[in-house]
Amino acid sequence: MDIWNWVEKLQEDLRQAGQAQNAHLLTRLADDVSELQVDRVDALLPEARALGKALDNPWVDVYVGHWALRNRVGNRMEGESALGESVALFERAHRADTLDCPQSICVTQDLAACYGNIDGPGWVPERIEVCDETLGRIDPSWACFQCLSCEKADALLDDGRGQDALEYLQVQAAAIQARGKEVFDSFPEMQIKILLASGRAEEALALIEQREAEVAAAGDYEPANCTVPRRLSKAWALAQLGRDEEALQQLVPWSELTPNHWRLWANSASTLCSRDGARNTWDLGTRFNTIIEHFAAVGAHRLVIEIAALSLELALQRGARWVAQRQLGLARTHLAQLRQDRGAAALVAGLAARIEALPEMAPLPVPADELLAWLQAQGEQHQSRDPEREAQWLLQAHAEQPDDGALAEVAASALHACGATTEAMALLWDFVRGHAQEDGAAAYTLMRWLAEQGDDDGLRRLAATYRDSVPVFAHWCEVQRARRASDWPALEQAAQALLALSPGSNGARRTLASMYMETGRFSDAQACYAQLVETLEEPNAAHWDHMSAASAAGDWDAVRRSAAAIGMELSSQQGVVEEPWGWVIIRSEDGGEPVEYYARRSGPVTARIVENAPANRAQQVGDWVVFDAGLVHPAPEDEAEREHFIPTYAQVHVLERGGFARSWLVDGAHPGEAAWNALVEAAEAQGWKVWSHSRADYTVTDPDAEGGTLPGLLFTVAQPQDHAPLALHRFLQQATAGWAHPHCWLRLAEACDQDRQPHLDAIERYGL
């Protein structure tokens, strides 16, 4: 069964109703989950949920809820923190008005996975029961049949029945193939997981390499949720087989991982580090701490114990007793939350015994009041610092010198660097509560961490702590809270109050100017930057910001003054600054996503966009924009590469709209330069914008052509908003009538209610 058919029909209805962005939203939500873009999914969810309410369509609510949970229990591996939402969606999906929605089947996977995250072995009966009940309501032709089969196999594995899980998957795969359906990647991925967990690394590696060969032969694109686990599984298989160097090459960079793959990474890393102590470093310990803290925060109890056991072994090898003790404490806390023990208590007891057998911590290398200087000298001598090793000494020194603010801040920073964020925050809170008569490094570090964590209540408490003793710092706390929450009135009030007490605070003035730019108060921003220009010793950066604000405010004389101050010559002496300055790329946002367009720079910080937007994006061609002068991408270091470098700048304001409607896509074989130039010239004579999106190597298929391909041409045409699409349709018919190969503009033909068949024929013949 095609479970997406209703979604595709809804998307087509939305497009025809002029809601292309909402139609694209439903696809983006699923795509971003599959590409492991967890933060982008979070950003899309409010808009997606609002769409369901606006359409009054309960099926959309279930669809959005399912993908929200795929992000939470799938990508983020949430346990108890997502249980309420998982149960609520399961119940909502089984009401009369949503029971027929295909995604009402999918939510079973979400609930079963949530149970598995909380305590996989402890919830085995419930996981199998909920999968069996739903599998009984569908047949193997459903895509959901495969997802639920894998969920049940995962439960069998957690129950210690790995071979039963493999045999079950074979039966399910045969049933799928008997219905003429293809077995998806999820089946071999689950088989690989079972084999690795069962110590059958050679079989797992053979299956991985077979899958790699199949993917390479097919040449199809694979999303990150397929490629990342396969690479990590290969790393663990190779590590189990002692092929360490090959395993290291397969490890996915930490920055590309999401929590659902941390377990695989941890198994591989711990295996590799157990054989080579040089790999077992403090920053490896920090990553393990990050994993454990995350699983603890989301209520994935058995995972906390499992990863803590791996990490604790490595910490003991490094001699990091305090790390091992901390992780043992976390494991004990979550041991009490398990539904069934299944050997967890014995594991934790064994780890505790090993820690107790360790010798006590070594004494400080120097007296406590000399430790910071000694550590600094050691770092300069060895050109590196080990915060994990230093943290043990710093905590001892802090206990001896509790009133030393610098010592408290460095100790907390060492804990934070090692991933012991909770302890680091607690140390700073204890210090500032006892030393609220003056601010210092400890107070500012705590403020920064609270802002980074989005802890508004914490920032309010910190402000209250210093309200009477150091009001400037209290206002800074309020500025940080307001900026994080986009509470612009509160930010302005706090920043103005801060400046009243400390007129020389350039940081507060810069924050205020940035807020004014964000809210479109460009004249106010210009005034702030003008003050910064006057007071800063190195005002060049402030001049650029001043020009952005002045351009947005339309104060071209002010733009000229700043340009002259930094040695920039403008050809005009008065009036609007609009001069030919060459090519740039402008980055803007569309629906929360960054989009970039070619533009012609028209002044120090202004440009006109000349590239058409894709058909599914808001049109920006012809827009006259102000940009921030900071480069989005740094210029290449190589001089030859710099010659071809086109700078990219972030858009901050639209001075004037281009006035063009959506773009219409045209695709087909290239007609030759003369024919193409003639079309462009004729279209632009009508006031339309034409832009070629195809690269030099773009080709289309043609069975009659030599080699089976022809050079291709993919372009868009945008019309002014008051021009009828039908006029463009007729123009394209006439302009391309003499071309050797017909082109396709299917969406334009549909919008004009014209014959679709010629375009469908072109799609079929040329593989468009």
# chains A, B, ... in the order shown; residues from 1 in each chain; ligands from 1
$ residues_around --residues "Cys273 (chain A)" --least-positions-apart "5" --cutoff "10 Å" --atoms "only C-alpha atoms" --output "ChimeraX atom specification"
/A:239,244,268,278-281,284,314,317
$ residues_around --residues "region 534-546 of chain A" --least-positions-apart "2" --cutoff "8 Å" --atoms "only C-alpha atoms" --output "list of chain:residue names"
A:Ala525, A:Gln526, A:Tyr529, A:Ala530, A:Gln531, A:Leu532, A:Ser548, A:Ala549, A:Ala550, A:Val559, A:Ser562, A:Ala563, A:Ala565, A:Ile566, A:Val605, A:Asp628, A:Ala629
$ residues_around --residues "region 694-700 of chain A" --least-positions-apart "6" --cutoff "9 Å" --atoms "only C-alpha atoms" --output "CSV table (one decimal) with N, CA and C atoms, in the first residue's frame"
chain,number,residue,atom,x,y,z
A,668,GLY,N,14.8,20.5,-20.7
A,668,GLY,CA,14.9,19.8,-22.0
A,668,GLY,C,16.3,19.8,-22.6
A,669,ALA,N,16.4,19.4,-23.8
A,669,ALA,CA,17.7,19.4,-24.5
A,669,ALA,C,18.1,20.8,-24.9
A,670,HIS,N,19.4,21.1,-24.9
A,670,HIS,CA,19.9,22.4,-25.2
A,670,HIS,C,19.7,22.7,-26.7
A,708,GLY,N,23.3,8.1,-26.4
A,708,GLY,CA,22.1,8.1,-25.6
A,708,GLY,C,21.8,9.3,-24.8
A,709,THR,N,22.6,10.4,-24.9
A,709,THR,CA,22.4,11.6,-24.1
A,709,THR,C,22.6,12.8,-25.0
A,710,LEU,N,22.0,13.9,-24.6
A,710,LEU,CA,22.2,15.2,-25.2
A,710,LEU,C,22.5,16.3,-24.2
A,711,PRO,N,23.2,17.3,-24.6
A,711,PRO,CA,23.4,18.4,-23.6
A,711,PRO,C,22.0,19.0,-23.2
A,712,GLY,N,21.9,19.3,-21.9
A,712,GLY,CA,20.6,19.7,-21.4
A,712,GLY,C,20.6,21.2,-21.1
A,713,LEU,N,19.4,21.7,-20.9
A,713,LEU,CA,19.2,23.1,-20.5
A,713,LEU,C,18.0,23.1,-19.5
A,714,LEU,N,18.3,23.6,-18.3
A,714,LEU,CA,17.3,23.8,-17.3
A,714,LEU,C,17.2,25.2,-16.9
A,715,PHE,N,16.1,25.9,-17.1
A,715,PHE,CA,16.0,27.3,-16.8
A,715,PHE,C,14.7,27.6,-16.2
A,766,TYR,N,12.9,12.1,-22.5
A,766,TYR,CA,14.2,12.7,-22.2
A,766,TYR,C,14.7,12.5,-20.8
A,767,GLY,N,13.8,11.7,-20.0
A,767,GLY,CA,14.2,11.4,-18.6
A,767,GLY,C,14.3,12.7,-17.8
A,768,LEU,N,13.4,13.6,-17.9
A,768,LEU,CA,13.4,14.9,-17.2
A,768,LEU,C,13.0,14.7,-15.8
$ residues_around --residues "region 459-463 of chain A" --least-positions-apart "3" --cutoff "9 Å" --atoms "only C-alpha atoms" --output "ChimeraX atom specification"
/A:429,432-433,443,446-447,450-451,454-456,466-467,471,473-478,480-481
$ select_by_dssp --residues "region 689-759 of chain A" --states "alpha helix (DSSP H)" --output "list in words"
Pro725, Leu726, Ala727, Leu728, His729, Arg730, Phe731, Leu732, Gln733, Gln734, Ala735, Leu746, Arg747, Leu748, Ala749, Glu750, Ala751, Gln757, Pro758 and His759 of chain A
$ atom_distance --atom1 "CA of Val626 (chain A)" --atom2 "CA of Ala513 (chain A)"
15.8 Å
$ residues_around --residues "Leu428 (chain A)" --least-positions-apart "3" --cutoff "12 Å" --atoms "only C-alpha atoms" --output "MDAnalysis selection string"
chainID A and resid 398 402:413 415:416 421:425 431:436 439:450 462
$ closest_residue --among "A:Gln163, A:Gln496, A:Gln719, A:Gln620" --to "Val595 (chain A)" --atoms "only C-alpha atoms"
A:Gln620
$ residues_around --residues "Leu14 (chain A)" --least-positions-apart "6" --cutoff "12 Å" --atoms "only C-alpha atoms" --output "list in words"
Val7, Glu8, Ala20, Gln21, Asn22, Ala23, His24, Leu25, Leu26, Leu51, Leu55 and Asn616 of chain A
$ residues_around --residues "Lys193 (chain A)" --least-positions-apart "3" --cutoff "9 Å" --atoms "only C-alpha atoms" --output "list of chain:residue names"
A:Asp154, A:Pro188, A:Glu189, A:Met190, A:Leu196, A:Ala197, A:Ser198, A:Ala204, A:Ser233
$ write_last_selection --atoms "all heavy atoms" --output "PDB file, in the first residue's frame"
ATOM      1  N   ASP A 154      13.946  -6.020  17.061  1.00  0.00           N
ATOM      2  CA  ASP A 154      14.771  -5.319  18.043  1.00  0.00           C
ATOM      3  C   ASP A 154      14.384  -5.735  19.456  1.00  0.00           C
ATOM      4  O   ASP A 154      15.247  -5.900  20.335  1.00  0.00           O
ATOM      5  CB  ASP A 154      14.602  -3.809  17.858  1.00  0.00           C
ATOM      6  CG  ASP A 154      15.749  -3.021  18.457  1.00  0.00           C
ATOM      7  OD1 ASP A 154      16.860  -3.565  18.562  1.00  0.00           O
ATOM      8  OD2 ASP A 154      15.523  -1.856  18.830  1.00  0.00           O
ATOM      9  N   PRO A 188      18.208  -5.163   6.288  1.00  0.00           N
ATOM     10  CA  PRO A 188      19.628  -5.484   6.455  1.00  0.00           C
ATOM     11  C   PRO A 188      20.271  -4.695   7.589  1.00  0.00           C
ATOM     12  O   PRO A 188      21.174  -5.205   8.269  1.00  0.00           O
ATOM     13  CB  PRO A 188      20.246  -5.141   5.093  1.00  0.00           C
ATOM     14  CG  PRO A 188      19.243  -4.309   4.384  1.00  0.00           C
ATOM     15  CD  PRO A 188      17.906  -4.709   4.912  1.00  0.00           C
ATOM     16  N   GLU A 189      19.817  -3.471   7.828  1.00  0.00           N
ATOM     17  CA  GLU A 189      20.380  -2.686   8.928  1.00  0.00           C
ATOM     18  C   GLU A 189      20.099  -3.370  10.267  1.00  0.00           C
ATOM     19  O   GLU A 189      20.983  -3.442  11.136  1.00  0.00           O
ATOM     20  CB  GLU A 189      19.777  -1.275   8.919  1.00  0.00           C
ATOM     21  CG  GLU A 189      20.384  -0.342   9.947  1.00  0.00           C
ATOM     22  CD  GLU A 189      19.813   1.057   9.883  1.00  0.00           C
ATOM     23  OE1 GLU A 189      19.626   1.570   8.753  1.00  0.00           O
ATOM     24  OE2 GLU A 189      19.533   1.630  10.939  1.00  0.00           O
ATOM     25  N   MET A 190      18.863  -3.888  10.443  1.00  0.00           N
ATOM     26  CA  MET A 190      18.536  -4.587  11.684  1.00  0.00           C
ATOM     27  C   MET A 190      19.291  -5.909  11.784  1.00  0.00           C
ATOM     28  O   MET A 190      19.755  -6.302  12.860  1.00  0.00           O
ATOM     29  CB  MET A 190      17.024  -4.816  11.763  1.00  0.00           C
ATOM     30  CG  MET A 190      16.566  -5.520  13.043  1.00  0.00           C
ATOM     31  SD  MET A 190      17.092  -4.687  14.570  1.00  0.00           S
ATOM     32  CE  MET A 190      16.196  -3.146  14.423  1.00  0.00           C
ATOM     33  N   LEU A 196      26.079  -7.977  15.047  1.00  0.00           N
ATOM     34  CA  LEU A 196      27.127  -7.305  15.816  1.00  0.00           C
ATOM     35  C   LEU A 196      26.912  -7.498  17.312  1.00  0.00           C
ATOM     36  O   LEU A 196      27.861  -7.740  18.067  1.00  0.00           O
ATOM     37  CB  LEU A 196      27.161  -5.817  15.468  1.00  0.00           C
ATOM     38  CG  LEU A 196      27.731  -5.459  14.098  1.00  0.00           C
ATOM     39  CD1 LEU A 196      27.510  -3.985  13.802  1.00  0.00           C
ATOM     40  CD2 LEU A 196      29.217  -5.795  14.022  1.00  0.00           C
ATOM     41  N   ALA A 197      25.660  -7.376  17.744  1.00  0.00           N
ATOM     42  CA  ALA A 197      25.364  -7.545  19.169  1.00  0.00           C
ATOM     43  C   ALA A 197      25.579  -8.981  19.619  1.00  0.00           C
ATOM     44  O   ALA A 197      25.804  -9.243  20.812  1.00  0.00           O
ATOM     45  CB  ALA A 197      23.923  -7.128  19.449  1.00  0.00           C
ATOM     46  N   SER A 198      25.526  -9.925  18.663  1.00  0.00           N
ATOM     47  CA  SER A 198      25.699 -11.346  18.982  1.00  0.00           C
ATOM     48  C   SER A 198      27.139 -11.812  18.821  1.00  0.00           C
ATOM     49  O   SER A 198      27.421 -13.014  18.907  1.00  0.00           O
ATOM     50  CB  SER A 198      24.786 -12.192  18.081  1.00  0.00           C
ATOM     51  OG  SER A 198      23.433 -11.776  18.189  1.00  0.00           O
ATOM     52  N   ALA A 204      28.380  -9.978   9.929  1.00  0.00           N
ATOM     53  CA  ALA A 204      27.891  -8.599   9.822  1.00  0.00           C
ATOM     54  C   ALA A 204      28.651  -7.839   8.749  1.00  0.00           C
ATOM     55  O   ALA A 204      28.058  -7.131   7.922  1.00  0.00           O
ATOM     56  CB  ALA A 204      28.022  -7.889  11.166  1.00  0.00           C
ATOM     57  N   SER A 233      28.410   0.805  11.783  1.00  0.00           N
ATOM     58  CA  SER A 233      28.348  -0.649  11.959  1.00  0.00           C
ATOM     59  C   SER A 233      29.596  -1.307  11.382  1.00  0.00           C
ATOM     60  O   SER A 233      30.144  -2.257  11.961  1.00  0.00           O
ATOM     61  CB  SER A 233      27.091  -1.206  11.281  1.00  0.00           C
ATOM     62  OG  SER A 233      25.918  -0.728  11.905  1.00  0.00           O
TER      63      SER A 233
END
$ closest_residue --among "A:Ser311, A:Gln191, A:Gln757, A:Asn612" --to "Ala331 (chain A)" --atoms "only C-alpha atoms"
A:Ser311
$ closest_residue --among "A:Met515, A:Ala82, A:Val62, A:Val252" --to "Asp487 (chain A)" --atoms "only C-alpha atoms"
A:Met515
$ select_by_dssp --residues "region 612-668 of chain A" --states "strand (DSSP E or B)" --output "list in words"
Trp624, Val625, Val626, Phe627, Asp628, Ala629, Gly630, Leu631, Thr648, Tyr649, Ala650, Gln651, Val652, His653, Val654, Leu655, Glu656, Phe660, Ala661, Arg662, Ser663, Trp664, Leu665, Val666, Asp667 and Gly668 of chain A
$ write_last_selection --atoms "N, CA and C atoms" --output "PDB file, in the first residue's frame"
ATOM      1  N   TRP A 624      16.159  44.616  -4.193  1.00  0.00           N
ATOM      2  CA  TRP A 624      17.310  45.447  -3.836  1.00  0.00           C
ATOM      3  C   TRP A 624      17.494  45.303  -2.335  1.00  0.00           C
ATOM      4  N   VAL A 625      18.625  44.749  -1.900  1.00  0.00           N
ATOM      5  CA  VAL A 625      18.768  44.356  -0.503  1.00  0.00           C
ATOM      6  C   VAL A 625      19.990  44.988   0.134  1.00  0.00           C
ATOM      7  N   VAL A 626      19.932  45.069   1.454  1.00  0.00           N
ATOM      8  CA  VAL A 626      21.081  45.457   2.277  1.00  0.00           C
ATOM      9  C   VAL A 626      21.635  44.182   2.896  1.00  0.00           C
ATOM     10  N   PHE A 627      22.970  44.075   2.948  1.00  0.00           N
ATOM     11  CA  PHE A 627      23.563  42.888   3.545  1.00  0.00           C
ATOM     12  C   PHE A 627      24.557  43.261   4.637  1.00  0.00           C
ATOM     13  N   ASP A 628      24.859  42.268   5.474  1.00  0.00           N
ATOM     14  CA  ASP A 628      25.901  42.415   6.489  1.00  0.00           C
ATOM     15  C   ASP A 628      27.253  42.196   5.813  1.00  0.00           C
ATOM     16  N   ALA A 629      28.230  42.996   6.160  1.00  0.00           N
ATOM     17  CA  ALA A 629      29.506  42.946   5.447  1.00  0.00           C
ATOM     18  C   ALA A 629      30.390  41.769   5.850  1.00  0.00           C
ATOM     19  N   GLY A 630      30.009  41.034   6.887  1.00  0.00           N
ATOM     20  CA  GLY A 630      30.801  39.872   7.282  1.00  0.00           C
ATOM     21  C   GLY A 630      30.602  38.727   6.300  1.00  0.00           C
ATOM     22  N   LEU A 631      31.685  38.084   5.861  1.00  0.00           N
ATOM     23  CA  LEU A 631      31.595  36.991   4.904  1.00  0.00           C
ATOM     24  C   LEU A 631      30.938  35.776   5.540  1.00  0.00           C
ATOM     25  N   THR A 648      29.972  35.658  -0.324  1.00  0.00           N
ATOM     26  CA  THR A 648      28.581  35.472   0.084  1.00  0.00           C
ATOM     27  C   THR A 648      28.316  36.312   1.324  1.00  0.00           C
ATOM     28  N   TYR A 649      27.212  37.066   1.295  1.00  0.00           N
ATOM     29  CA  TYR A 649      26.844  37.936   2.412  1.00  0.00           C
ATOM     30  C   TYR A 649      25.413  37.634   2.851  1.00  0.00           C
ATOM     31  N   ALA A 650      25.156  37.849   4.127  1.00  0.00           N
ATOM     32  CA  ALA A 650      23.825  37.602   4.678  1.00  0.00           C
ATOM     33  C   ALA A 650      22.941  38.832   4.509  1.00  0.00           C
ATOM     34  N   GLN A 651      21.773  38.633   3.951  1.00  0.00           N
ATOM     35  CA  GLN A 651      20.804  39.720   3.766  1.00  0.00           C
ATOM     36  C   GLN A 651      20.262  40.172   5.117  1.00  0.00           C
ATOM     37  N   VAL A 652      20.127  41.499   5.292  1.00  0.00           N
ATOM     38  CA  VAL A 652      19.550  42.012   6.537  1.00  0.00           C
ATOM     39  C   VAL A 652      18.274  42.817   6.310  1.00  0.00           C
ATOM     40  N   HIS A 653      18.047  43.270   5.068  1.00  0.00           N
ATOM     41  CA  HIS A 653      16.859  44.090   4.834  1.00  0.00           C
ATOM     42  C   HIS A 653      16.603  44.188   3.331  1.00  0.00           C
ATOM     43  N   VAL A 654      15.324  44.273   2.970  1.00  0.00           N
ATOM     44  CA  VAL A 654      14.946  44.490   1.572  1.00  0.00           C
ATOM     45  C   VAL A 654      14.551  45.957   1.409  1.00  0.00           C
ATOM     46  N   LEU A 655      15.336  46.678   0.639  1.00  0.00           N
ATOM     47  CA  LEU A 655      15.030  48.086   0.387  1.00  0.00           C
ATOM     48  C   LEU A 655      13.875  48.239  -0.597  1.00  0.00           C
ATOM     49  N   GLU A 656      13.841  47.329  -1.569  1.00  0.00           N
ATOM     50  CA  GLU A 656      12.833  47.458  -2.629  1.00  0.00           C
ATOM     51  C   GLU A 656      12.580  46.074  -3.217  1.00  0.00           C
ATOM     52  N   PHE A 660       8.312  40.433  -8.753  1.00  0.00           N
ATOM     53  CA  PHE A 660       8.106  39.293  -9.641  1.00  0.00           C
ATOM     54  C   PHE A 660       7.349  38.180  -8.924  1.00  0.00           C
ATOM     55  N   ALA A 661       6.558  37.450  -9.701  1.00  0.00           N
ATOM     56  CA  ALA A 661       5.813  36.310  -9.183  1.00  0.00           C
ATOM     57  C   ALA A 661       6.701  35.075  -9.189  1.00  0.00           C
ATOM     58  N   ARG A 662       6.132  33.910  -8.911  1.00  0.00           N
ATOM     59  CA  ARG A 662       6.898  32.672  -8.821  1.00  0.00           C
ATOM     60  C   ARG A 662       7.599  32.357 -10.138  1.00  0.00           C
ATOM     61  N   SER A 663       8.609  31.505 -10.053  1.00  0.00           N
ATOM     62  CA  SER A 663       9.322  31.071 -11.250  1.00  0.00           C
ATOM     63  C   SER A 663       8.652  29.834 -11.839  1.00  0.00           C
ATOM     64  N   TRP A 664       8.776  29.694 -13.171  1.00  0.00           N
ATOM     65  CA  TRP A 664       8.285  28.512 -13.866  1.00  0.00           C
ATOM     66  C   TRP A 664       9.468  27.777 -14.477  1.00  0.00           C
ATOM     67  N   LEU A 665       9.529  26.494 -14.212  1.00  0.00           N
ATOM     68  CA  LEU A 665      10.673  25.683 -14.626  1.00  0.00           C
ATOM     69  C   LEU A 665      10.470  25.153 -16.037  1.00  0.00           C
ATOM     70  N   VAL A 666      11.533  25.233 -16.846  1.00  0.00           N
ATOM     71  CA  VAL A 666      11.534  24.705 -18.215  1.00  0.00           C
ATOM     72  C   VAL A 666      12.747  23.790 -18.338  1.00  0.00           C
ATOM     73  N   ASP A 667      12.554  22.599 -18.907  1.00  0.00           N
ATOM     74  CA  ASP A 667      13.617  21.595 -18.935  1.00  0.00           C
ATOM     75  C   ASP A 667      13.611  20.886 -20.281  1.00  0.00           C
ATOM     76  N   GLY A 668      14.804  20.528 -20.743  1.00  0.00           N
ATOM     77  CA  GLY A 668      14.892  19.775 -21.991  1.00  0.00           C
ATOM     78  C   GLY A 668      16.290  19.797 -22.567  1.00  0.00           C
TER      79      GLY A 668
END
$ atom_distance --atom1 "CA of Ser274 (chain A)" --atom2 "CA of Glu356 (chain A)"
20.9 Å
$ atom_distance --atom1 "CA of Gln573 (chain A)" --atom2 "CA of Val610 (chain A)"
26.2 Å
$ closest_residue --among "A:Asp61, A:Asp39, A:Glu133, A:Glu579" --to "Cys101 (chain A)" --atoms "only C-alpha atoms"
A:Asp61
$ decode --residues "region 607-615 of chain A" --atoms "all heavy atoms" --output "compact mmCIF listing (two decimals), in the first residue's frame"
# COMPACT_ATOMS: atom_id res chain seq x y z
N ALA A 607 22.89 45.25 -2.79
CA ALA A 607 22.97 44.45 -4.01
C ALA A 607 21.57 44.24 -4.55
O ALA A 607 20.58 44.33 -3.83
CB ALA A 607 23.64 43.11 -3.72
N ARG A 608 21.51 43.91 -5.86
CA ARG A 608 20.24 43.53 -6.49
C ARG A 608 20.33 42.06 -6.91
O ARG A 608 21.25 41.68 -7.64
CB ARG A 608 19.94 44.41 -7.71
CG ARG A 608 19.48 45.80 -7.32
CD ARG A 608 18.85 46.54 -8.49
NE ARG A 608 18.47 47.90 -8.11
CZ ARG A 608 17.27 48.25 -7.65
NH1 ARG A 608 16.33 47.31 -7.52
NH2 ARG A 608 17.00 49.50 -7.33
N ILE A 609 19.38 41.26 -6.46
CA ILE A 609 19.36 39.83 -6.76
C ILE A 609 18.95 39.63 -8.21
O ILE A 609 17.96 40.21 -8.68
CB ILE A 609 18.41 39.09 -5.81
CG1 ILE A 609 18.95 39.18 -4.38
CG2 ILE A 609 18.22 37.63 -6.23
CD1 ILE A 609 18.03 38.62 -3.32
N VAL A 610 19.71 38.81 -8.95
CA VAL A 610 19.45 38.60 -10.37
C VAL A 610 19.09 37.16 -10.69
O VAL A 610 18.74 36.85 -11.84
CB VAL A 610 20.66 39.04 -11.23
CG1 VAL A 610 20.90 40.54 -11.08
CG2 VAL A 610 21.91 38.25 -10.85
N GLU A 611 19.17 36.27 -9.71
CA GLU A 611 18.86 34.85 -9.95
C GLU A 611 17.43 34.55 -9.55
O GLU A 611 16.99 34.90 -8.45
CB GLU A 611 19.82 33.96 -9.15
CG GLU A 611 19.55 32.48 -9.33
CD GLU A 611 20.49 31.60 -8.52
OE1 GLU A 611 21.38 32.15 -7.84
OE2 GLU A 611 20.33 30.37 -8.56
N ASN A 612 16.70 33.86 -10.42
CA ASN A 612 15.34 33.45 -10.09
C ASN A 612 15.34 32.44 -8.94
O ASN A 612 16.22 31.58 -8.86
CB ASN A 612 14.65 32.80 -11.30
CG ASN A 612 14.36 33.78 -12.40
OD1 ASN A 612 14.35 34.99 -12.18
ND2 ASN A 612 14.12 33.27 -13.60
N ALA A 613 14.32 32.51 -8.11
CA ALA A 613 14.13 31.50 -7.07
C ALA A 613 13.58 30.23 -7.71
O ALA A 613 12.89 30.28 -8.72
CB ALA A 613 13.16 32.01 -6.01
N PRO A 614 13.88 29.06 -7.13
CA PRO A 614 13.22 27.84 -7.61
C PRO A 614 11.71 27.95 -7.48
O PRO A 614 11.20 28.79 -6.73
CB PRO A 614 13.78 26.75 -6.68
CG PRO A 614 15.04 27.32 -6.12
CD PRO A 614 14.82 28.80 -6.04
N ALA A 615 11.00 27.08 -8.17
CA ALA A 615 9.54 27.17 -8.21
C ALA A 615 8.90 27.05 -6.84
O ALA A 615 7.82 27.59 -6.60
CB ALA A 615 8.99 26.09 -9.14
